[in-house]
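Chemist: If it helps, the file is called protein.txt and holds compact mmCIF, C-alpha atoms:
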# COMPACT_ATOMS: atom_id res chain seq x y z
CA MET A 22 15.75 10.81 -19.10
CA ARG A 23 18.84 12.54 -20.43
CA PRO A 24 18.80 16.28 -19.62
CA GLN A 25 18.77 18.66 -22.58
CA ASN A 26 18.27 22.00 -20.84
CA ARG A 27 18.72 23.63 -17.43
CA GLU A 28 15.29 22.65 -16.09
CA GLU A 29 15.76 18.97 -16.99
CA PHE A 30 19.31 19.10 -15.61
CA ARG A 31 18.04 20.53 -12.32
CA GLU A 32 15.45 17.75 -11.99
CA TYR A 33 18.07 15.11 -12.86
CA CYS A 34 20.38 16.29 -10.07
CA LEU A 35 17.53 16.28 -7.55
CA ARG A 36 16.56 12.74 -8.53
CA ARG A 37 20.15 11.61 -7.95
CA LEU A 38 19.88 12.99 -4.42
CA GLY A 39 16.63 11.10 -3.71
CA HIS A 40 13.84 13.40 -4.87
CA PRO A 41 10.85 12.92 -4.86
CA VAL A 42 11.22 10.13 -2.27
CA ILE A 43 13.20 12.52 -0.06
CA ASP A 44 12.53 16.23 0.22
CA ILE A 45 15.72 18.03 -0.83
CA ASN A 46 15.82 21.21 1.26
CA VAL A 47 17.45 23.45 -1.33
CA ASP A 48 15.84 26.48 -2.97
CA THR A 49 15.67 26.67 -6.78
CA THR A 50 17.90 29.75 -6.81
CA GLN A 51 20.49 27.86 -4.74
CA ILE A 52 20.32 24.94 -7.18
CA ASP A 53 20.90 27.27 -10.13
CA ASP A 54 23.84 28.87 -8.33
CA ARG A 55 25.46 25.47 -7.79
CA ILE A 56 24.81 24.51 -11.41
CA ASP A 57 26.56 27.72 -12.48
CA ASP A 58 29.49 26.81 -10.22
CA ALA A 59 29.70 23.39 -11.88
CA LEU A 60 29.54 24.98 -15.34
CA ASP A 61 32.39 27.33 -14.43
CA ARG A 62 34.54 24.34 -13.41
CA PHE A 63 33.49 22.50 -16.56
CA TYR A 64 34.54 25.39 -18.82
CA ASP A 65 37.80 25.93 -16.91
CA TYR A 66 39.08 22.36 -17.00
CA HIS A 67 37.04 19.98 -19.18
CA PHE A 68 38.46 19.36 -22.67
CA ASP A 69 34.90 19.42 -24.07
CA GLY A 70 34.12 22.75 -22.41
CA ILE A 71 35.97 24.92 -24.93
CA GLU A 72 36.85 24.74 -28.62
CA GLU A 73 39.55 26.36 -30.74
CA THR A 74 38.37 28.71 -33.45
CA SER A 75 39.55 31.68 -35.53
CA TYR A 76 37.79 34.77 -36.72
CA VAL A 77 38.59 38.08 -38.39
CA TYR A 78 37.78 41.40 -36.76
CA LYS A 79 37.79 44.69 -38.69
CA ILE A 80 39.34 47.44 -36.58
CA GLN A 81 36.92 50.33 -36.06
CA ASP A 82 37.73 53.99 -35.42
CA ILE A 83 36.10 53.71 -31.99
CA ASP A 84 38.52 50.89 -31.17
CA VAL A 85 41.48 53.15 -32.00
CA THR A 86 40.01 55.85 -29.75
CA ASN A 87 39.34 53.43 -26.88
CA GLY A 88 42.72 51.71 -27.21
CA PHE A 89 41.28 48.20 -27.06
CA ILE A 90 39.11 45.75 -29.02
CA PRO A 91 35.98 44.31 -27.38
CA LEU A 92 35.62 40.55 -27.80
CA ASP A 93 32.75 38.11 -27.43
CA PRO A 94 32.14 37.27 -23.73
CA LYS A 95 32.18 33.57 -24.64
CA ILE A 96 35.88 33.81 -25.55
CA PHE A 97 37.89 31.96 -22.92
CA SER A 98 41.42 32.88 -24.04
CA VAL A 99 43.29 34.44 -26.95
CA VAL A 100 46.13 32.33 -28.37
CA SER A 101 47.51 34.62 -31.06
CA VAL A 102 46.72 37.71 -33.12
CA TYR A 103 47.92 38.53 -36.66
CA PRO A 104 47.27 41.37 -39.09
CA PHE A 105 44.82 40.29 -41.77
CA THR A 106 44.10 41.57 -45.28
CA ALA A 107 41.19 40.50 -47.43
CA SER A 108 43.37 39.99 -50.49
CA SER A 109 44.19 36.46 -51.59
CA PHE A 110 47.24 35.37 -53.53
CA LEU A 111 45.10 32.86 -55.43
CA SER A 112 42.62 35.48 -56.58
CA GLY A 113 45.33 37.75 -57.95
CA SER A 114 43.94 40.76 -56.09
CA ASP A 115 47.28 41.66 -54.50
CA LEU A 116 49.98 41.49 -57.17
CA PHE A 117 52.67 42.87 -54.89
CA SER A 118 52.20 40.56 -51.91
CA ALA A 119 55.05 38.18 -51.05
CA GLN A 120 52.67 35.24 -51.23
CA TYR A 121 51.53 36.08 -54.74
CA GLN A 122 55.05 36.54 -56.03
CA PHE A 123 56.25 33.29 -54.45
CA PHE A 124 53.44 31.32 -55.99
CA LEU A 125 53.61 33.10 -59.32
CA ASN A 126 57.31 32.54 -59.82
CA ASP A 127 57.90 29.28 -57.96
CA PHE A 128 54.66 27.36 -58.03
CA TYR A 129 52.80 28.68 -61.09
CA VAL A 130 49.36 29.45 -59.75
CA THR A 131 46.41 30.31 -61.98
CA PRO A 132 43.05 31.44 -60.54
CA GLY A 133 41.40 28.41 -58.94
CA VAL A 134 44.00 25.96 -60.30
CA ALA A 135 47.34 25.01 -58.76
CA THR A 136 49.79 22.72 -60.50
CA GLY A 137 53.08 21.42 -59.22
CA ASN A 138 54.57 19.18 -56.59
CA LEU A 139 52.39 19.07 -53.46
CA GLN A 140 55.36 18.47 -51.21
CA TYR A 141 56.96 21.67 -52.48
CA PHE A 142 53.63 23.45 -52.14
CA ASP A 143 53.39 22.46 -48.47
CA MET A 144 56.98 23.54 -47.79
CA LEU A 145 56.44 26.89 -49.51
CA ARG A 146 53.21 27.55 -47.67
CA SER A 147 54.87 26.72 -44.34
CA TYR A 148 57.73 29.07 -45.21
CA THR A 149 55.47 31.99 -46.13
CA ASP A 150 53.43 31.44 -42.95
CA THR A 151 56.62 31.58 -40.90
CA VAL A 152 57.72 34.78 -42.65
CA GLN A 153 54.33 36.33 -41.94
CA LYS A 154 54.49 35.37 -38.26
CA GLU A 155 58.07 36.58 -37.82
CA MET A 156 57.88 39.78 -39.85
CA ALA A 157 54.39 41.09 -39.12
CA PRO A 158 52.82 39.73 -35.96
CA VAL A 159 51.02 41.77 -33.37
CA LYS A 160 53.93 42.00 -30.94
CA SER A 161 52.15 41.45 -27.64
CA PHE A 162 48.69 41.73 -26.18
CA HIS A 163 46.78 41.33 -22.95
CA PHE A 164 43.31 39.81 -22.73
CA ASN A 165 41.08 39.87 -19.66
CA ARG A 166 38.14 37.51 -19.93
CA LYS A 167 36.29 39.28 -17.12
CA THR A 168 36.07 42.48 -19.17
CA SER A 169 36.21 40.80 -22.62
CA LYS A 170 38.72 43.43 -23.76
CA ILE A 171 42.07 42.91 -25.50
CA PHE A 172 44.84 45.51 -25.27
CA PHE A 173 48.03 45.69 -27.36
CA SER A 174 51.54 46.95 -26.71
CA GLN A 175 51.33 48.69 -30.08
CA THR A 176 48.74 51.37 -30.65
CA LEU A 177 45.70 50.27 -32.61
CA SER A 178 46.36 53.03 -35.10
CA THR A 179 49.75 51.40 -35.85
CA ILE A 180 48.14 47.97 -36.23
CA LYS A 181 45.36 49.39 -38.41
CA ALA A 182 47.94 51.04 -40.66
CA MET A 183 49.58 47.62 -41.04
CA ALA A 184 46.28 45.92 -41.88
CA PRO A 185 42.62 46.97 -41.65
CA ALA A 186 41.70 43.84 -39.71
CA VAL A 187 43.22 41.30 -37.34
CA LEU A 188 42.93 37.54 -37.23
CA PHE A 189 42.23 36.11 -33.78
CA LYS A 190 43.00 32.51 -32.83
CA VAL A 191 40.97 31.89 -29.68
CA TYR A 192 39.43 29.34 -27.38
CA THR A 193 35.74 29.93 -26.83
CA ARG A 194 33.26 28.41 -24.43
CA ILE A 195 30.85 25.89 -25.89
CA ASP A 196 27.45 27.51 -26.42
CA ILE A 197 25.31 25.36 -24.13
CA ASP A 198 22.09 26.65 -25.73
CA ARG A 199 23.29 25.64 -29.17
CA TYR A 200 24.77 22.31 -28.06
CA PRO A 201 22.42 20.91 -25.38
CA ALA A 202 24.39 17.64 -25.28
CA VAL A 203 26.66 19.44 -22.78
CA TRP A 204 23.93 19.03 -20.16
CA ASP A 205 24.33 15.25 -20.44
CA ASP A 206 28.06 15.24 -19.72
CA TYR A 207 28.87 12.71 -16.99
CA MET A 208 31.37 14.89 -15.13
CA LEU A 209 29.13 17.96 -15.23
CA LYS A 210 26.19 15.97 -13.83
CA ALA A 211 28.29 14.42 -11.07
CA LEU A 212 29.89 17.72 -10.08
CA ALA A 213 26.63 19.70 -10.04
CA THR A 214 24.93 16.99 -7.97
CA ALA A 215 27.78 17.04 -5.44
CA TYR A 216 27.60 20.85 -5.21
CA ILE A 217 23.83 20.74 -4.63
CA LYS A 218 24.28 18.00 -2.02
CA ARG A 219 26.82 20.16 -0.19
CA GLN A 220 24.37 23.06 -0.29
CA TRP A 221 21.67 20.75 1.07
CA GLY A 222 23.91 19.64 3.93
CA GLY A 223 24.79 23.26 4.68
CA ASN A 224 21.10 24.18 4.83
CA LEU A 225 20.23 21.26 7.13
CA SER A 226 23.17 21.93 9.44
CA LYS A 227 21.54 25.21 10.45
CA PHE A 228 18.81 23.21 12.17
CA GLY A 229 20.88 20.28 13.50
CA SER A 230 19.37 16.85 12.84
CA VAL A 231 16.09 16.74 10.89
CA ASN A 232 13.59 13.98 11.70
CA LEU A 233 11.60 12.45 8.83
CA PRO A 234 8.50 10.26 8.96
CA GLY A 235 9.30 6.64 9.83
CA GLY A 236 11.99 7.55 12.34
CA ILE A 237 14.57 8.56 9.70
CA THR A 238 16.98 11.30 10.74
CA LEU A 239 18.96 13.52 8.37
CA ASN A 240 22.23 14.83 9.78
CA GLY A 241 23.09 18.05 7.95
CA ALA A 242 26.72 18.15 9.10
CA GLU A 243 27.31 14.57 7.96
CA ILE A 244 25.68 15.20 4.57
CA TYR A 245 27.83 18.31 4.16
CA ALA A 246 31.03 16.44 5.04
CA GLN A 247 30.24 13.60 2.62
CA ALA A 248 29.37 16.04 -0.17
CA ASN A 249 32.48 18.12 0.45
CA GLU A 250 34.66 15.01 0.09
CA GLU A 251 32.83 14.08 -3.13
CA CYS A 252 33.37 17.61 -4.49
CA ASN A 253 37.11 17.46 -3.76
CA ILE A 254 37.46 14.05 -5.43
CA LEU A 255 35.51 15.15 -8.52
CA GLU A 256 37.41 18.44 -8.83
CA ASP A 257 40.75 16.62 -8.64
CA LYS A 258 39.57 14.12 -11.26
CA LEU A 259 38.38 16.95 -13.51
CA VAL A 260 41.73 18.75 -13.32
CA ASN A 261 43.92 15.64 -13.65
CA ASP A 262 41.92 13.49 -16.09
CA TYR A 263 39.75 15.84 -18.16
CA GLN A 264 41.98 18.86 -18.72
CA MET A 265 43.54 19.32 -22.14
CA PRO A 266 47.27 18.51 -22.17
CA ILE A 267 49.79 21.31 -22.53
CA ASP A 268 50.88 21.80 -26.12
CA PHE A 269 54.49 20.87 -26.82
CA GLN A 270 56.66 23.08 -28.99
CA ILE A 271 59.57 21.62 -30.94
CA GLY A 272 62.25 24.04 -32.02
Once more with this new file: its structure as structure tokens, please.
Modeler:
Amino acid sequence: MRPQNREEFREYCLRRLGHPVIDINVDTTQIDDRIDDALDRFYDYHFDGIEETSYVYKIQDIDVTNGFIPLDPKIFSVVSVYPFTASSFLSGSDLFSAQYQFFLNDFYVTPGVATGNLQYFDMLRSYTDTVQKEMAPVKSFHFNRKTSKIFFSQTLSTIKAMAPAVLFKVYTRIDIDRYPAVWDDYMLKALATAYIKRQWGGNLSKFGSVNLPGGITLNGAEIYAQANEECNILEDKLVNDYQMPIDFQIG
């Protein structure tokens, strides 16, 4: 059965370790702790653990007073921040914007209809985007994902005077409740099972060797050593094979 939630995932990991044929001497709270550890690794390094998205945030007066903007705790990292205005050059709501004037004079835009050479359109759009990034970016910022707060080198009052809102380009953690397919990820299942096995070995090692019916003996120290080696191999594989490649910039 493919796990679709935490309870099914927990039972899957125990079955991989031999349950119910073998009693796995790990408490439910310990299992959940090890699952959380595996999820943290998954979000940190797996290319399917995060996704790139953008959203607009309207700067509030309380943000100006505090000196920072609070972000969603699911946000993993902030890539870039730009001032944002609700006006659109296609709607004609900002007659004095550079975008509107470029398109009015050079590309002949009417509401909802654009005519002209698409190659030129793409070049012009790229140019105006570059102008926007070079002339009016948020200069620098610092984001701490432990506090979910983003601070700026400029004051928020200065940024708000530039534009009433900011556009965030971010990486956010996959919502595991919304996308339960994450629970069925091969690497996550393998890593969580190895973590639980290491916990099991650690628990058994407190009592030395444990004798089971039929003359079977469980050696806690040996189980721990095997699990620890499995954890190291899986963590290395996760970092080296599943991590997103570094973006290249061509200038």
Chemist: Here is a test: counting only C-alpha atoms, which residue of A:Thr50, A:Glu256, A:Ile43, A:Asp69 is nearest to Asp206 in chain A?
Modeler: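 For Asp206 in chain A, the nearest of the candidates is A:Asp69.
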Chemist: Could you list, as a ChimeraX atom specification, every residue within 12 Å of Ser101 in chain A, counting all atoms listed in the file and ignoring same-chain residues fewer than 6 positions away?
Modeler: /A:73-76,154,158-164,171,173,187-192
Chemist: Would you pick out the contacts of Asp262 in chain A at 10 Å or less, using all atoms listed in the file, so that residues sharing its chain but fewer than 4 positions from it are not included, and give the list as number ranges by chain?
Modeler: A: 66-68, 256-258, 266
Chemist: Might you pull out every residue within 9 Å of Thr193 in chain A, with only C-alpha atoms counted and same-chain residues fewer than 5 positions away left off, and present them as a list in words?
Modeler: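 Contacts, in chain order: Gly70, Ile71, Glu72, Glu73, Thr74, Asp93, Pro94, Lys95, Ile96, Phe97, Ser98 and Val99 of chain A.
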Chemist: Please provide as an MDAnalysis selection string all residues within 12 Å of Thr49 in chain A, with the sequence filter that same-chain residues fewer than 2 positions apart are discarded (counting all atoms listed in the file).
Modeler: chainID A and resid 27:28 31:32 34:35 45:47 51:56 217 220:221
Chemist: When distances are computed from all atoms listed in the file, which of A:Gly222, A:Gly39, A:Pro185, A:Pro24 shows the smallest separation from Tyr78 in chain A?
Modeler: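 Checking each of A:Gly222, A:Gly39, A:Pro185, A:Pro24 against Tyr78 in chain A, counting all atoms listed in the file, the winner is A:Pro185.
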Chemist: Residues within 12 Å of Thr179 in chain A, please, as a list of chain:residue names. Count all atoms listed in the file; anything in the same chain fewer than 3 positions from it doesn't count.
Modeler: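 Here the qualifying residues turn out to be A:Ile80, A:Val85, A:Gly88, A:Pro104, A:Ala157, A:Val159, A:Lys160, A:Phe173, A:Ser174, A:Gln175, A:Thr176, A:Ala182, A:Met183, A:Ala184, A:Pro185, A:Ala186.
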Chemist: Interatomic distance between CA of Ala59 in chain A and CA of Arg219 in chain A?
Modeler: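 According to the coordinates, CA of Ala59 in chain A and CA of Arg219 in chain A are separated by 12.5 Å.
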Chemist: Can you work out the spacing between CA of Asp57 in chain A and CA of Asn249 in chain A in Å, to one decimal?
Modeler: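 About the pair CA of Asp57 in chain A and CA of Asn249 in chain A: they are 17.2 Å apart.
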Chemist: Measuring atom to atom with only C-alpha atoms, identify which of A:Tyr263, A:Tyr207, A:Phe228, A:Tyr216 is nearest to Leu38 in chain A.
Modeler: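 Counting only C-alpha atoms, the residue closest to Leu38 in chain A is A:Tyr216.
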Chemist: Tell me, in Å to one decimal, how far CA of Asn253 in chain A is from CA of Ser226 in chain A.
Modeler: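 Distance between the two atoms: 19.7 Å.
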Chemist: Calculated over only C-alpha atoms, which of the candidates A:Leu212, A:Asp58, A:Ser178, A:Val203 has the smallest distance to Leu259 in chain A?
Modeler: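 Answer, going by the shortest atom-to-atom distance: A:Leu212.
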Chemist: Closest to Arg194 in chain A among A:Thr86, A:Gln25, A:Val42, A:Phe63, using all atoms listed in the file?
Modeler: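 Of A:Thr86, A:Gln25, A:Val42, A:Phe63, the one nearest Arg194 in chain A is A:Phe63, counting all atoms listed in the file.
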